[in-house]
Amino acid sequence: MPTIPPLLDLIADLIGAPSVSSVSPAFDQSNRQVIDLLASWLDDLGFSVEVLPLSNQPHKANLIATLGRGPGGLVLAGHTDTVPFNAERWSRDPFRMVEHENRLYGLGTCDMKSFLALAIEAARGVRAADLHQPLIILATADEESSMDGASELVRLGRPRARYAVIGEPTSRRPVHAHKGMMMEAIRVSGRAGHSSDPRLGASALEGMHKVLGGILAWRTELQSTHSDARFAVPFPTLNLGRISGGDNPNRICAHCELHIDLRPLPGMQPEGLRTTLRERVDAALADSELGSEVHPLIDGTEPMETPPDAAIVTAAEQLTGYPAEAAAYCTEGPYLNALGMQTVILGPGNIEQAHKPDEFIETATLRPTIDTLRALIDRFCRTPTA
């Protein structure tokens, strides 16, 4: 009988496998080392394991591991990638898990490699013969950047199940709704010329000033017409994240680029928002000779909303003792819902520790999470009527 390492060794091995994903090629890495570890362990546990390279990034992959057969079933899902890090701001090696004062430190301990180890621990000892509905452990690529892993799953139409738990750090409080995420680039093009005579050029930087005014006015309109009291920040947010343009003070600026982040509420459609953004940019530059271009930096993720009375949501509430909440951050939940599942976000760790130097997870959260996952497996995989 194969021996799977103890839980803390599982976590340590995952932390020790670098898998940064980033929209910047300078930081981006493959996740295959993490995927190969998971595939080996899950194969030893009797799962049918599939490693699925991404069609547009074959050096990265998703993993679908299935135990048992039948209709419905439960997916325990997590992403394998982490955000980039500033090594000089860490007090220890980000890729070496360290246990200290009831905390596990390391890049991905909180967000969210530990959950994948906890899912394996919860499945330890589960036999396919005991299941009426399949148990699926899903590991994805690029959640922290492009969402290409989740998008690939939707394209393939897999996995197929009835319920899903994504183990993002929620402090073990179920989340059934969250905002979407869009990142858009606005480029304004003008004509360079000598700064001594404005007639010799057309300033893209001055044009972008008008665009900024139009975008901020649009933000005010969005926030005055869209509100959802379930969220701590009850309105859509629009952040001006990055701007660049020009090359020298004595040249009229010919090119200027702005990057924005927009977080829509459930019910707001990203494509409609993109159309309106394009219209606002055009209107801001209507009386000028400047050109403009608007394009997404990423495909974007729709808001998520699983009905509060969905079976997986009510089960998570009963098992944790907490009512389901709404969150401002974004997950792969909308993609799993698009595959026909009822999805809840539920995991150990606090979102406040994510994406920070000296990331950690409290050891006290590990055993309760395993117990919750095992109870969910019993309810949705062992029970014939789940």
# chains A, B, ... in the order shown; residues from 1 in each chain; ligands from 1

$ closest_atom_pairs --of "region 40-133 of chain A" --to "region 145-165 of chain A" --cutoff "7 Å" --atoms "only C-alpha atoms" --output "tab-separated table"
residue	atom	partner	partner_atom	distance
A:Leu54	CA	A:Glu152	CA	6.7
A:Asn62	CA	A:Gly149	CA	6.2
A:Gly72	CA	A:Arg162	CA	4.5
A:Gly73	CA	A:Ala161	CA	4.9
A:Leu74	CA	A:Tyr163	CA	4.9
A:Val75	CA	A:Ala164	CA	4.4
A:Leu76	CA	A:Val165	CA	5.1
A:Ala77	CA	A:Val165	CA	6.1

$ residues_around --residues "region 208-216 of chain A" --least-positions-apart "2" --cutoff "6 Å" --atoms "only C-alpha atoms" --output "list in words"
Leu205, Glu206, Trp218, Arg219, Val281 and Ala284 of chain A

$ write_last_selection --atoms "N, CA and C atoms" --output "PDB file, in the first residue's frame"
ATOM      1  N   LEU A 205      -1.084  63.048 -23.910  1.00  0.00           N
ATOM      2  CA  LEU A 205      -1.174  63.191 -22.456  1.00  0.00           C
ATOM      3  C   LEU A 205      -2.316  64.121 -22.072  1.00  0.00           C
ATOM      4  N   GLU A 206      -2.490  65.212 -22.805  1.00  0.00           N
ATOM      5  CA  GLU A 206      -3.614  66.105 -22.533  1.00  0.00           C
ATOM      6  C   GLU A 206      -4.937  65.417 -22.873  1.00  0.00           C
ATOM      7  N   TRP A 218     -17.894  58.543 -14.947  1.00  0.00           N
ATOM      8  CA  TRP A 218     -18.607  57.272 -15.144  1.00  0.00           C
ATOM      9  C   TRP A 218     -18.589  56.446 -13.864  1.00  0.00           C
ATOM     10  N   ARG A 219     -17.444  56.442 -13.152  1.00  0.00           N
ATOM     11  CA  ARG A 219     -17.371  55.723 -11.883  1.00  0.00           C
ATOM     12  C   ARG A 219     -18.410  56.251 -10.896  1.00  0.00           C
ATOM     13  N   VAL A 281     -14.632  56.844 -23.617  1.00  0.00           N
ATOM     14  CA  VAL A 281     -13.348  57.291 -24.165  1.00  0.00           C
ATOM     15  C   VAL A 281     -13.568  58.056 -25.471  1.00  0.00           C
ATOM     16  N   ALA A 284     -14.911  61.516 -24.754  1.00  0.00           N
ATOM     17  CA  ALA A 284     -13.926  62.433 -24.169  1.00  0.00           C
ATOM     18  C   ALA A 284     -13.014  63.035 -25.225  1.00  0.00           C
TER      19      ALA A 284
END

$ residues_around --residues "region 251-262 of chain A" --least-positions-apart "6" --cutoff "10 Å" --atoms "only C-alpha atoms" --output "PyMOL selection string"
chain A and resi 179-209+211-212+215+219+236-245+270+273+290-297+300

$ residues_around --residues "Phe47 (chain A)" --least-positions-apart "5" --cutoff "6 Å" --atoms "only C-alpha atoms" --output "ChimeraX atom specification"
/A:42,65-67

$ write_last_selection --atoms "N, CA and C atoms" --output "compact mmCIF listing (two decimals), in the first residue's frame"
# COMPACT_ATOMS: atom_id res chain seq x y z
N LEU A 42 -2.27 11.61 -5.53
CA LEU A 42 -3.65 11.21 -5.78
C LEU A 42 -3.72 9.87 -6.50
N ALA A 65 -8.63 14.87 -10.77
CA ALA A 65 -8.46 13.54 -10.16
C ALA A 65 -9.82 13.09 -9.64
N THR A 66 -10.25 11.90 -10.07
CA THR A 66 -11.60 11.43 -9.78
C THR A 66 -11.56 10.10 -9.05
N LEU A 67 -12.34 10.02 -7.99
CA LEU A 67 -12.50 8.79 -7.23
C LEU A 67 -13.98 8.43 -7.24

$ residues_around --residues "His59 (chain A)" --least-positions-apart "3" --cutoff "8 Å" --atoms "only C-alpha atoms" --output "PyMOL selection string"
chain A and resi 30-32+53-54

$ write_last_selection --atoms "C-alpha atoms" --output "PDB file, in the first residue's frame"
ATOM      1  CA  SER A  30       5.276  26.842 -14.872  1.00  0.00           C
ATOM      2  CA  ASN A  31       3.082  25.065 -12.320  1.00  0.00           C
ATOM      3  CA  ARG A  32       4.014  21.567 -13.489  1.00  0.00           C
ATOM      4  CA  PRO A  53      -1.838  20.983 -20.397  1.00  0.00           C
ATOM      5  CA  LEU A  54      -3.318  24.376 -21.266  1.00  0.00           C
TER       6      LEU A  54
END

$ atom_distance --atom1 "CA of Ala61 (chain A)" --atom2 "CA of Ala139 (chain A)"
8.7 Å

$ atom_distance --atom1 "CA of Asp13 (chain A)" --atom2 "CA of Leu37 (chain A)"
8.0 Å

$ atom_distance --atom1 "CA of Ala232 (chain A)" --atom2 "CA of Met341 (chain A)"
26.2 Å

$ residues_around --residues "Thr331 (chain A)" --least-positions-apart "3" --cutoff "9 Å" --atoms "only C-alpha atoms" --output "PDB file with C-alpha atoms, in the first residue's frame"
ATOM      1  CA  GLU A 143      -5.783  31.897 -11.187  1.00  0.00           C
ATOM      2  CA  ILE A 166     -13.100  26.281  -3.740  1.00  0.00           C
ATOM      3  CA  GLU A 168      -9.697  30.153  -0.992  1.00  0.00           C
ATOM      4  CA  HIS A 178     -18.351  37.890  -5.031  1.00  0.00           C
ATOM      5  CA  LYS A 179     -17.563  40.715  -7.404  1.00  0.00           C
ATOM      6  CA  GLY A 180     -16.139  40.247 -10.871  1.00  0.00           C
ATOM      7  CA  THR A 301     -14.086  37.220 -14.684  1.00  0.00           C
ATOM      8  CA  MET A 304     -20.298  35.031  -8.898  1.00  0.00           C
ATOM      9  CA  PRO A 334     -18.030  31.720 -11.871  1.00  0.00           C
ATOM     10  CA  TYR A 335     -16.249  29.239 -14.136  1.00  0.00           C
ATOM     11  CA  ILE A 345     -15.937  29.434  -1.526  1.00  0.00           C
TER      12      ILE A 345
END

$ residues_around --residues "region 20-25 of chain A" --least-positions-apart "4" --cutoff "7 Å" --atoms "only C-alpha atoms" --output "ChimeraX atom specification"
/A:29,81-84,142,144-145

$ select_by_dssp --residues "region 120-363 of chain A" --states "strand (DSSP E or B)" --output "VMD selection string"
chain A and resid 135 to 140 163 to 166 175 to 178 181 to 189 191 194 202 237 to 245 251 255 to 263 291 to 296 301 304 to 305 325 to 327 342 to 345 360 to 362

$ select_by_dssp --residues "region 51-227 of chain A" --states "alpha helix (DSSP H)" --output "PyMOL selection string"
chain A and resi 113-123+148-156+204-225

$ write_last_selection --atoms "N, CA and C atoms" --output "CSV table (one decimal), in the first residue's frame"
chain,number,residue,atom,x,y,z
A,113,LYS,N,-2.1,26.9,-1.5
A,113,LYS,CA,-1.6,25.5,-1.7
A,113,LYS,C,-2.0,24.6,-0.5
A,114,SER,N,-2.1,25.2,0.7
A,114,SER,CA,-2.4,24.3,1.9
A,114,SER,C,-3.7,23.6,1.7
A,115,PHE,N,-4.7,24.3,1.0
A,115,PHE,CA,-6.0,23.7,0.9
A,115,PHE,C,-5.9,22.4,0.0
A,116,LEU,N,-5.1,22.4,-1.0
A,116,LEU,CA,-4.9,21.2,-1.8
A,116,LEU,C,-4.4,20.0,-1.0
A,117,ALA,N,-3.5,20.3,0.0
A,117,ALA,CA,-3.0,19.3,0.9
A,117,ALA,C,-4.1,18.8,1.8
A,118,LEU,N,-4.9,19.8,2.3
A,118,LEU,CA,-6.0,19.4,3.2
A,118,LEU,C,-7.1,18.6,2.5
A,119,ALA,N,-7.3,18.9,1.2
A,119,ALA,CA,-8.3,18.1,0.4
A,119,ALA,C,-7.8,16.6,0.3
A,120,ILE,N,-6.5,16.5,0.1
A,120,ILE,CA,-5.9,15.1,0.0
A,120,ILE,C,-6.0,14.4,1.3
A,121,GLU,N,-5.7,15.2,2.4
A,121,GLU,CA,-5.8,14.6,3.7
A,121,GLU,C,-7.2,14.1,4.0
A,122,ALA,N,-8.2,14.9,3.6
A,122,ALA,CA,-9.6,14.6,3.8
A,122,ALA,C,-10.0,13.3,3.0
A,123,ALA,N,-9.4,13.1,1.9
A,123,ALA,CA,-9.7,12.0,1.0
A,123,ALA,C,-8.9,10.7,1.5
A,148,ASP,N,-6.5,31.5,-17.1
A,148,ASP,CA,-6.5,30.6,-18.3
A,148,ASP,C,-6.8,29.2,-17.9
A,149,GLY,N,-6.4,28.7,-16.7
A,149,GLY,CA,-6.7,27.4,-16.3
A,149,GLY,C,-8.2,27.2,-16.2
A,150,ALA,N,-8.9,28.1,-15.5
A,150,ALA,CA,-10.4,27.9,-15.4
A,150,ALA,C,-11.1,28.1,-16.7
A,151,SER,N,-10.6,29.0,-17.6
A,151,SER,CA,-11.2,29.2,-18.9
A,151,SER,C,-11.1,27.9,-19.7
A,152,GLU,N,-9.9,27.3,-19.6
A,152,GLU,CA,-9.7,26.0,-20.3
A,152,GLU,C,-10.7,24.9,-19.9
A,153,LEU,N,-11.0,24.9,-18.6
A,153,LEU,CA,-12.0,23.9,-18.1
A,153,LEU,C,-13.4,24.1,-18.7
A,154,VAL,N,-13.8,25.4,-18.8
A,154,VAL,CA,-15.1,25.7,-19.4
A,154,VAL,C,-15.0,25.3,-20.9
A,155,ARG,N,-13.9,25.6,-21.6
A,155,ARG,CA,-13.8,25.2,-23.0
A,155,ARG,C,-14.0,23.7,-23.2
A,156,LEU,N,-13.4,22.9,-22.3
A,156,LEU,CA,-13.4,21.5,-22.3
A,156,LEU,C,-14.8,20.9,-21.8
A,204,ALA,N,-1.1,63.5,-26.6
A,204,ALA,CA,-1.9,62.3,-26.1
A,204,ALA,C,-2.0,62.4,-24.6
A,205,LEU,N,-1.1,63.0,-23.9
A,205,LEU,CA,-1.2,63.2,-22.5
A,205,LEU,C,-2.3,64.1,-22.1
A,206,GLU,N,-2.5,65.2,-22.8
A,206,GLU,CA,-3.6,66.1,-22.5
A,206,GLU,C,-4.9,65.4,-22.9
A,207,GLY,N,-4.9,64.6,-23.9
A,207,GLY,CA,-6.1,63.8,-24.3
A,207,GLY,C,-6.5,62.9,-23.2
A,208,MET,N,-5.4,62.2,-22.6
A,208,MET,CA,-5.7,61.3,-21.5
A,208,MET,C,-6.3,62.0,-20.3
A,209,HIS,N,-5.9,63.3,-20.1
A,209,HIS,CA,-6.5,64.0,-19.0
A,209,HIS,C,-8.0,64.1,-19.2
A,210,LYS,N,-8.5,64.3,-20.4
A,210,LYS,CA,-9.9,64.3,-20.7
A,210,LYS,C,-10.5,63.0,-20.4
A,211,VAL,N,-9.8,61.9,-20.9
A,211,VAL,CA,-10.3,60.6,-20.7
A,211,VAL,C,-10.5,60.2,-19.2
A,212,LEU,N,-9.5,60.6,-18.4
A,212,LEU,CA,-9.5,60.4,-17.0
A,212,LEU,C,-10.8,61.1,-16.4
A,213,GLY,N,-11.0,62.3,-16.8
A,213,GLY,CA,-12.2,63.0,-16.3
A,213,GLY,C,-13.5,62.2,-16.6
A,214,GLY,N,-13.6,61.7,-17.9
A,214,GLY,CA,-14.7,61.0,-18.3
A,214,GLY,C,-14.9,59.7,-17.5
A,215,ILE,N,-13.8,59.0,-17.3
A,215,ILE,CA,-13.9,57.7,-16.6
A,215,ILE,C,-14.3,57.9,-15.1
A,216,LEU,N,-13.7,58.9,-14.5
A,216,LEU,CA,-14.1,59.2,-13.1
A,216,LEU,C,-15.6,59.6,-12.9
A,217,ALA,N,-16.1,60.4,-13.9
A,217,ALA,CA,-17.5,60.7,-13.9
A,217,ALA,C,-18.3,59.5,-14.1
A,218,TRP,N,-17.9,58.5,-14.9
A,218,TRP,CA,-18.6,57.3,-15.1
A,218,TRP,C,-18.6,56.4,-13.9
A,219,ARG,N,-17.4,56.4,-13.2
A,219,ARG,CA,-17.4,55.7,-11.9
A,219,ARG,C,-18.4,56.3,-10.9
A,220,THR,N,-18.5,57.6,-10.8
A,220,THR,CA,-19.5,58.1,-9.9
A,220,THR,C,-20.9,57.7,-10.3
A,221,GLU,N,-21.2,57.6,-11.6
A,221,GLU,CA,-22.6,57.2,-12.0
A,221,GLU,C,-22.8,55.7,-11.7
A,222,LEU,N,-21.8,54.9,-11.9
A,222,LEU,CA,-21.9,53.5,-11.6
A,222,LEU,C,-22.2,53.3,-10.1
A,223,GLN,N,-21.5,54.0,-9.3
A,223,GLN,CA,-21.6,53.8,-7.8
A,223,GLN,C,-22.9,54.4,-7.3
A,224,SER,N,-23.5,55.3,-8.0
A,224,SER,CA,-24.8,55.9,-7.6
A,224,SER,C,-26.0,55.1,-8.1
A,225,THR,N,-25.8,54.2,-9.1
A,225,THR,CA,-26.9,53.5,-9.6
A,225,THR,C,-26.8,52.0,-9.3

$ closest_residue --among "A:Glu101, A:Ser19, A:Ala87, A:Ile136" --to "Gly46 (chain A)" --atoms "only C-alpha atoms"
A:Ile136

$ closest_residue --among "A:Leu285, A:Asp371, A:Phe85, A:Gln353" --to "Phe27 (chain A)" --atoms "only C-alpha atoms"
A:Phe85

$ closest_residue --among "A:Asp111, A:Glu359, A:Glu352, A:Glu305" --to "Gly333 (chain A)" --atoms "only C-alpha atoms"
A:Glu305
